[in-house]
Amino acid sequence: MNTDTACAVHQIARPTGFPVASDFAYVCAPVPEPAPGTALVENLLLSVDPYHRGLMDGGEGGFELNSPLEGRAVGRVRASRDSGLKEGDLVFHRAGWRTHALVTLGVDGTRRLRDHEGVPLEAYLSILGGTGLTAYAALTRTAALRAGEDLFVSSAAGGVGTATGHIARLLGARRIIGSAGSAAKVAHLTGTLGFDAAFDYHDGPVGEQLAQAAPGGIDVYVDNVGGDHLEGAIGSLREYGRIAWVGAISMYNGDRSPAAPRNLFEVVHKSLRLEGVLVRNHTNLQDELEDFVVPHLRSGQVGTDTTVVQGFDHTVEAFLGMLHGDYLGKTLVRAAG
């Protein structure tokens with residue numbers, strides 16, 4: 001793309017069910033000049049995430065039509081009138097889904113990235129980014145996973161799921177079980193990522209498959225799906241088990257079937273705890289996460305687990321592919337660099 005042109009993805013229609021390419025448009029204009037107190041960032045990597053789908057329905061906190069969409073991004077400062085940022089700084093911010101952004105240090109999550117030698121850029125939007133922070137908060141704070149406990153994670157081949165598997169292993173989990181949406185993803189979980197067991201949720205009732213994979217039960221469930229996965233996990237959880245509810249992929253594209261499982265009273269009967277996880281409530285854990293994970297990234301024990309789609313003009317394609325389960329791990333778009 002022309003380096004003098006800034007382009008952004010706009011949402012131009014509300015999706016019905018799964019979004020389609022015609023719900024979006026690429027809109028270009030001259031690269032903006034930074035105003036006092038701001039810096040111009042050229043985005044290098046963009047994140048596309050399941051939570052974007054919910055924001056596309058509008059309403060309070062949702063995306064406005066005919067405006068640039070937003071998301072997590074990593075970029076490099078090209079020009080600055082922000083005293084806290086200088087040209088060449090690498091920054092994380094939330095004005096993604098565009099080639100260039102005007103940001104202010106400390107506003108809307110904008111921060112200068114720590115320089116971790118030997119750590120690939122993709123890590124800052126995966127295991128060290130929002131997906132990794134979500135997994136870390138879910139395991140260490142919400143569910144308080146202890147060494148020797150057994151874990152089940154749904155949508156385990158996605159960004160949060162793969163990060164959950166890595167971090168749980170580092171925390172000393174005994175058995176890690178995952179669900180995914182294809183035989184290839186199941187093989188990836190057990191053959192590459194080191195899950196102890198995994199199953200394709202299309203192959204039968206989730207509760208039955210989980211009971212076969214974990215006949216002795218589980219202690220912790222990290223939920224990215226909701227619906228039948230949550231019901232199945234409640235059935236397998238041992239007494240005093242914990243559920244960290246991260247997302248509900250099963251309800252994101254117009255399937256508004258009740259999220260409450262039929263066996264919900266088992267939460268009382270087994271003295272279970274169910275608590276939601278919002279990553280914005282755990283940003284104070286960022287340095288702790290990096291200190292914990294970076295040595296394992298450098299040693300190769302932990303990977304970034306990303307699928308990187310090349311080219312900003314493929315952002316919508318990457319988002320739609322992610323929603324349809326076409327990719328492994330965290331889905332990113334390389335916009336430049």
# chains A, B, ... in the order shown; residues from 1 in each chain; ligands from 1
call {"tool": "select_by_dssp", "arguments": {"residues": "range 38-215 of chain A", "states": "helix (DSSP H, G or I)", "output": "number ranges by chain"}}
result
A: 51-55, 121-125, 130-142, 159-170, 183-191, 201-203, 206-213
call {"tool": "residues_around", "arguments": {"residues": "Arg273 in chain A", "least_positions_apart": "5", "cutoff": "7 Å", "atoms": "only C-alpha atoms", "output": "ChimeraX atom specification"}}
result
/A:241-243,267
call {"tool": "closest_residue", "arguments": {"among": "A:Gly321, A:Gly276, A:Leu113, A:Gly303", "to": "Gly194 in chain A", "atoms": "only C-alpha atoms"}}
result
A:Gly303
call {"tool": "residues_around", "arguments": {"residues": "Leu278 in chain A", "least_positions_apart": "6", "cutoff": "12 Å", "atoms": "only C-alpha atoms", "output": "list in words"}}
result
Tyr51, Gly130, Thr131, Leu133, Thr134, Ala135, Tyr136, Ala137, Ala138, Arg141, Thr142, Ala244, Trp245, Val246 and Gly247 of chain A
call {"tool": "write_last_selection", "arguments": {"atoms": "N, CA, C and O atoms", "output": "PDB file, in the first residue's frame"}}
result
ATOM      1  N   TYR A  51     -14.231 -11.768  20.117  1.00  0.00           N
ATOM      2  CA  TYR A  51     -15.050 -10.755  20.789  1.00  0.00           C
ATOM      3  C   TYR A  51     -15.485  -9.644  19.836  1.00  0.00           C
ATOM      4  O   TYR A  51     -16.495  -8.961  20.079  1.00  0.00           O
ATOM      5  N   GLY A 130      -3.317  -9.996  24.734  1.00  0.00           N
ATOM      6  CA  GLY A 130      -4.596 -10.140  25.404  1.00  0.00           C
ATOM      7  C   GLY A 130      -5.025 -11.575  25.594  1.00  0.00           C
ATOM      8  O   GLY A 130      -5.626 -11.923  26.627  1.00  0.00           O
ATOM      9  N   THR A 131      -4.723 -12.435  24.617  1.00  0.00           N
ATOM     10  CA  THR A 131      -5.120 -13.836  24.767  1.00  0.00           C
ATOM     11  C   THR A 131      -4.323 -14.516  25.879  1.00  0.00           C
ATOM     12  O   THR A 131      -4.878 -15.242  26.699  1.00  0.00           O
ATOM     13  N   LEU A 133      -2.842 -12.986  28.404  1.00  0.00           N
ATOM     14  CA  LEU A 133      -3.220 -12.370  29.680  1.00  0.00           C
ATOM     15  C   LEU A 133      -4.562 -12.915  30.159  1.00  0.00           C
ATOM     16  O   LEU A 133      -4.759 -13.144  31.358  1.00  0.00           O
ATOM     17  N   THR A 134      -5.480 -13.142  29.223  1.00  0.00           N
ATOM     18  CA  THR A 134      -6.765 -13.744  29.588  1.00  0.00           C
ATOM     19  C   THR A 134      -6.553 -15.121  30.191  1.00  0.00           C
ATOM     20  O   THR A 134      -7.114 -15.458  31.244  1.00  0.00           O
ATOM     21  N   ALA A 135      -5.753 -15.934  29.518  1.00  0.00           N
ATOM     22  CA  ALA A 135      -5.495 -17.286  30.016  1.00  0.00           C
ATOM     23  C   ALA A 135      -4.806 -17.257  31.376  1.00  0.00           C
ATOM     24  O   ALA A 135      -5.158 -18.028  32.285  1.00  0.00           O
ATOM     25  N   TYR A 136      -3.832 -16.365  31.520  1.00  0.00           N
ATOM     26  CA  TYR A 136      -3.085 -16.282  32.780  1.00  0.00           C
ATOM     27  C   TYR A 136      -3.988 -15.855  33.923  1.00  0.00           C
ATOM     28  O   TYR A 136      -3.941 -16.435  35.023  1.00  0.00           O
ATOM     29  N   ALA A 137      -4.827 -14.846  33.682  1.00  0.00           N
ATOM     30  CA  ALA A 137      -5.750 -14.391  34.729  1.00  0.00           C
ATOM     31  C   ALA A 137      -6.755 -15.481  35.067  1.00  0.00           C
ATOM     32  O   ALA A 137      -7.078 -15.717  36.248  1.00  0.00           O
ATOM     33  N   ALA A 138      -7.280 -16.160  34.034  1.00  0.00           N
ATOM     34  CA  ALA A 138      -8.259 -17.222  34.268  1.00  0.00           C
ATOM     35  C   ALA A 138      -7.686 -18.329  35.136  1.00  0.00           C
ATOM     36  O   ALA A 138      -8.356 -18.833  36.057  1.00  0.00           O
ATOM     37  N   ARG A 141      -5.856 -16.443  38.791  1.00  0.00           N
ATOM     38  CA  ARG A 141      -6.699 -15.635  39.662  1.00  0.00           C
ATOM     39  C   ARG A 141      -8.110 -16.212  39.760  1.00  0.00           C
ATOM     40  O   ARG A 141      -8.561 -16.558  40.849  1.00  0.00           O
ATOM     41  N   THR A 142      -8.793 -16.334  38.640  1.00  0.00           N
ATOM     42  CA  THR A 142     -10.196 -16.770  38.682  1.00  0.00           C
ATOM     43  C   THR A 142     -10.318 -18.214  39.158  1.00  0.00           C
ATOM     44  O   THR A 142     -11.074 -18.505  40.082  1.00  0.00           O
ATOM     45  N   ALA A 244     -13.730 -20.873  34.965  1.00  0.00           N
ATOM     46  CA  ALA A 244     -13.369 -19.524  34.531  1.00  0.00           C
ATOM     47  C   ALA A 244     -14.014 -19.320  33.168  1.00  0.00           C
ATOM     48  O   ALA A 244     -13.589 -19.918  32.174  1.00  0.00           O
ATOM     49  N   TRP A 245     -15.062 -18.499  33.120  1.00  0.00           N
ATOM     50  CA  TRP A 245     -15.840 -18.334  31.891  1.00  0.00           C
ATOM     51  C   TRP A 245     -15.296 -17.141  31.120  1.00  0.00           C
ATOM     52  O   TRP A 245     -15.498 -15.997  31.493  1.00  0.00           O
ATOM     53  N   VAL A 246     -14.625 -17.436  30.009  1.00  0.00           N
ATOM     54  CA  VAL A 246     -13.959 -16.415  29.194  1.00  0.00           C
ATOM     55  C   VAL A 246     -14.856 -15.920  28.073  1.00  0.00           C
ATOM     56  O   VAL A 246     -14.927 -14.716  27.784  1.00  0.00           O
ATOM     57  N   GLY A 247     -15.540 -16.847  27.376  1.00  0.00           N
ATOM     58  CA  GLY A 247     -16.333 -16.465  26.220  1.00  0.00           C
ATOM     59  C   GLY A 247     -17.394 -17.488  25.920  1.00  0.00           C
ATOM     60  O   GLY A 247     -17.489 -18.538  26.560  1.00  0.00           O
TER      61      GLY A 247
END
call {"tool": "closest_residue", "arguments": {"among": "A:Arg146, A:Arg334, A:Arg262, A:Arg81", "to": "Leu105 in chain A", "atoms": "only C-alpha atoms"}}
result
A:Arg81
call {"tool": "closest_residue", "arguments": {"among": "A:Glu149, A:Glu231, A:Asp203, A:Glu42", "to": "Val74 in chain A", "atoms": "only C-alpha atoms"}}
result
A:Glu42
call {"tool": "residues_around", "arguments": {"residues": "Ser182 in chain A", "least_positions_apart": "5", "cutoff": "10 Å", "atoms": "only C-alpha atoms", "output": "PyMOL selection string"}}
result
chain A and resi 157+187-188+199-203+325-326
call {"tool": "write_last_selection", "arguments": {"atoms": "N, CA, C and O atoms", "output": "short mmCIF file (atom, residue, chain, number, x, y, z; two decimals), in the first residue's frame"}}
result
data_model
loop_
_atom_site.label_atom_id
_atom_site.label_comp_id
_atom_site.auth_asym_id
_atom_site.auth_seq_id
_atom_site.Cartn_x
_atom_site.Cartn_y
_atom_site.Cartn_z
N ALA A 157 -7.87 -25.06 20.43
CA ALA A 157 -6.90 -24.77 19.37
C ALA A 157 -6.89 -23.30 18.98
O ALA A 157 -6.13 -22.91 18.09
N ALA A 187 -5.60 -33.40 16.49
CA ALA A 187 -4.25 -33.94 16.33
C ALA A 187 -3.20 -32.90 16.68
O ALA A 187 -2.14 -33.23 17.25
N HIS A 188 -3.47 -31.63 16.36
CA HIS A 188 -2.53 -30.55 16.70
C HIS A 188 -2.42 -30.40 18.21
O HIS A 188 -1.32 -30.21 18.75
N PHE A 199 -10.75 -33.92 21.91
CA PHE A 199 -11.82 -34.52 21.11
C PHE A 199 -12.47 -33.46 20.24
O PHE A 199 -12.41 -32.25 20.52
N ASP A 200 -13.08 -33.93 19.15
CA ASP A 200 -13.82 -33.08 18.22
C ASP A 200 -15.26 -33.04 18.70
O ASP A 200 -15.94 -34.09 18.75
N TYR A 201 -15.75 -31.87 19.04
CA TYR A 201 -17.10 -31.77 19.60
C TYR A 201 -18.19 -32.17 18.60
O TYR A 201 -19.34 -32.41 19.00
N HIS A 202 -17.83 -32.28 17.32
CA HIS A 202 -18.80 -32.74 16.33
C HIS A 202 -19.04 -34.25 16.42
O HIS A 202 -20.01 -34.76 15.85
N ASP A 203 -18.16 -34.96 17.11
CA ASP A 203 -18.21 -36.43 17.10
C ASP A 203 -19.20 -37.02 18.08
O ASP A 203 -19.35 -38.25 18.14
N GLY A 325 -13.30 -20.96 12.05
CA GLY A 325 -12.42 -22.00 12.55
C GLY A 325 -11.39 -22.50 11.56
O GLY A 325 -10.93 -23.64 11.65
N ASP A 326 -11.00 -21.63 10.62
CA ASP A 326 -10.08 -22.06 9.57
C ASP A 326 -8.62 -22.10 10.02
O ASP A 326 -7.78 -22.68 9.31
#
call {"tool": "closest_residue", "arguments": {"among": "A:Leu274, A:Ala197, A:Val160, A:Leu210", "to": "Pro50 in chain A", "atoms": "only C-alpha atoms"}}
result
A:Val160
call {"tool": "decode", "arguments": {"residues": "range 226-238 of chain A", "atoms": "all heavy atoms", "output": "compact mmCIF listing (two decimals), in the first residue's frame"}}
result
# COMPACT_ATOMS: atom_id res chain seq x y z
N GLY A 226 -19.29 -21.95 26.06
CA GLY A 226 -20.61 -21.93 26.66
C GLY A 226 -21.46 -23.10 26.18
O GLY A 226 -20.97 -24.09 25.65
N GLY A 227 -22.78 -22.98 26.36
CA GLY A 227 -23.72 -23.97 25.84
C GLY A 227 -23.44 -25.38 26.31
O GLY A 227 -23.27 -25.64 27.50
N ASP A 228 -23.39 -26.33 25.35
CA ASP A 228 -23.23 -27.74 25.70
C ASP A 228 -21.87 -28.02 26.32
O ASP A 228 -21.72 -28.98 27.09
CB ASP A 228 -23.47 -28.63 24.49
CG ASP A 228 -22.54 -28.34 23.32
OD1 ASP A 228 -21.85 -27.30 23.33
OD2 ASP A 228 -22.51 -29.16 22.36
N HIS A 229 -20.86 -27.19 26.01
CA HIS A 229 -19.55 -27.38 26.63
C HIS A 229 -19.62 -27.07 28.13
O HIS A 229 -19.03 -27.79 28.95
CB HIS A 229 -18.51 -26.49 25.96
CG HIS A 229 -17.99 -27.03 24.67
ND1 HIS A 229 -18.74 -27.07 23.51
CD2 HIS A 229 -16.78 -27.57 24.34
CE1 HIS A 229 -18.02 -27.60 22.54
NE2 HIS A 229 -16.83 -27.91 23.01
N LEU A 230 -20.30 -26.01 28.48
CA LEU A 230 -20.44 -25.67 29.89
C LEU A 230 -21.23 -26.74 30.63
O LEU A 230 -20.86 -27.15 31.74
CB LEU A 230 -21.12 -24.31 30.02
CG LEU A 230 -21.35 -23.78 31.44
CD1 LEU A 230 -20.06 -23.73 32.24
CD2 LEU A 230 -22.02 -22.41 31.39
N GLU A 231 -22.27 -27.22 30.01
CA GLU A 231 -23.06 -28.29 30.62
C GLU A 231 -22.21 -29.55 30.83
O GLU A 231 -22.24 -30.18 31.90
CB GLU A 231 -24.28 -28.61 29.76
CG GLU A 231 -25.17 -29.69 30.33
CD GLU A 231 -26.43 -29.88 29.51
OE1 GLU A 231 -27.15 -28.89 29.29
OE2 GLU A 231 -26.69 -31.04 29.10
N GLY A 232 -21.44 -29.91 29.81
CA GLY A 232 -20.60 -31.10 29.93
C GLY A 232 -19.54 -30.95 31.00
O GLY A 232 -19.25 -31.90 31.74
N ALA A 233 -18.96 -29.76 31.10
CA ALA A 233 -17.93 -29.53 32.11
C ALA A 233 -18.50 -29.60 33.52
O ALA A 233 -17.88 -30.19 34.42
CB ALA A 233 -17.27 -28.17 31.88
N ILE A 234 -19.69 -29.03 33.72
CA ILE A 234 -20.32 -29.11 35.04
C ILE A 234 -20.53 -30.56 35.44
O ILE A 234 -20.32 -30.95 36.60
CB ILE A 234 -21.65 -28.33 35.04
CG1 ILE A 234 -21.37 -26.82 34.99
CG2 ILE A 234 -22.49 -28.68 36.27
CD1 ILE A 234 -22.61 -25.96 34.83
N GLY A 235 -20.89 -31.39 34.45
CA GLY A 235 -21.08 -32.80 34.75
C GLY A 235 -19.81 -33.51 35.17
O GLY A 235 -19.85 -34.46 35.95
N SER A 236 -18.66 -33.07 34.67
CA SER A 236 -17.38 -33.73 34.97
C SER A 236 -16.60 -33.10 36.11
O SER A 236 -15.63 -33.70 36.59
CB SER A 236 -16.50 -33.74 33.71
OG SER A 236 -16.92 -34.71 32.78
N LEU A 237 -16.98 -31.92 36.52
CA LEU A 237 -16.23 -31.25 37.59
C LEU A 237 -16.38 -31.98 38.91
O LEU A 237 -17.48 -32.42 39.29
CB LEU A 237 -16.68 -29.80 37.74
CG LEU A 237 -16.05 -28.83 36.75
CD1 LEU A 237 -16.88 -27.55 36.64
CD2 LEU A 237 -14.62 -28.49 37.17
N ARG A 238 -15.27 -32.10 39.61
CA ARG A 238 -15.29 -32.67 40.95
C ARG A 238 -15.81 -31.64 41.95
O ARG A 238 -15.96 -30.46 41.64
CB ARG A 238 -13.87 -33.10 41.36
CG ARG A 238 -13.23 -34.11 40.42
CD ARG A 238 -11.84 -34.50 40.91
NE ARG A 238 -11.21 -35.46 40.00
CZ ARG A 238 -10.12 -35.23 39.29
NH1 ARG A 238 -9.50 -34.06 39.39
NH2 ARG A 238 -9.62 -36.15 38.49
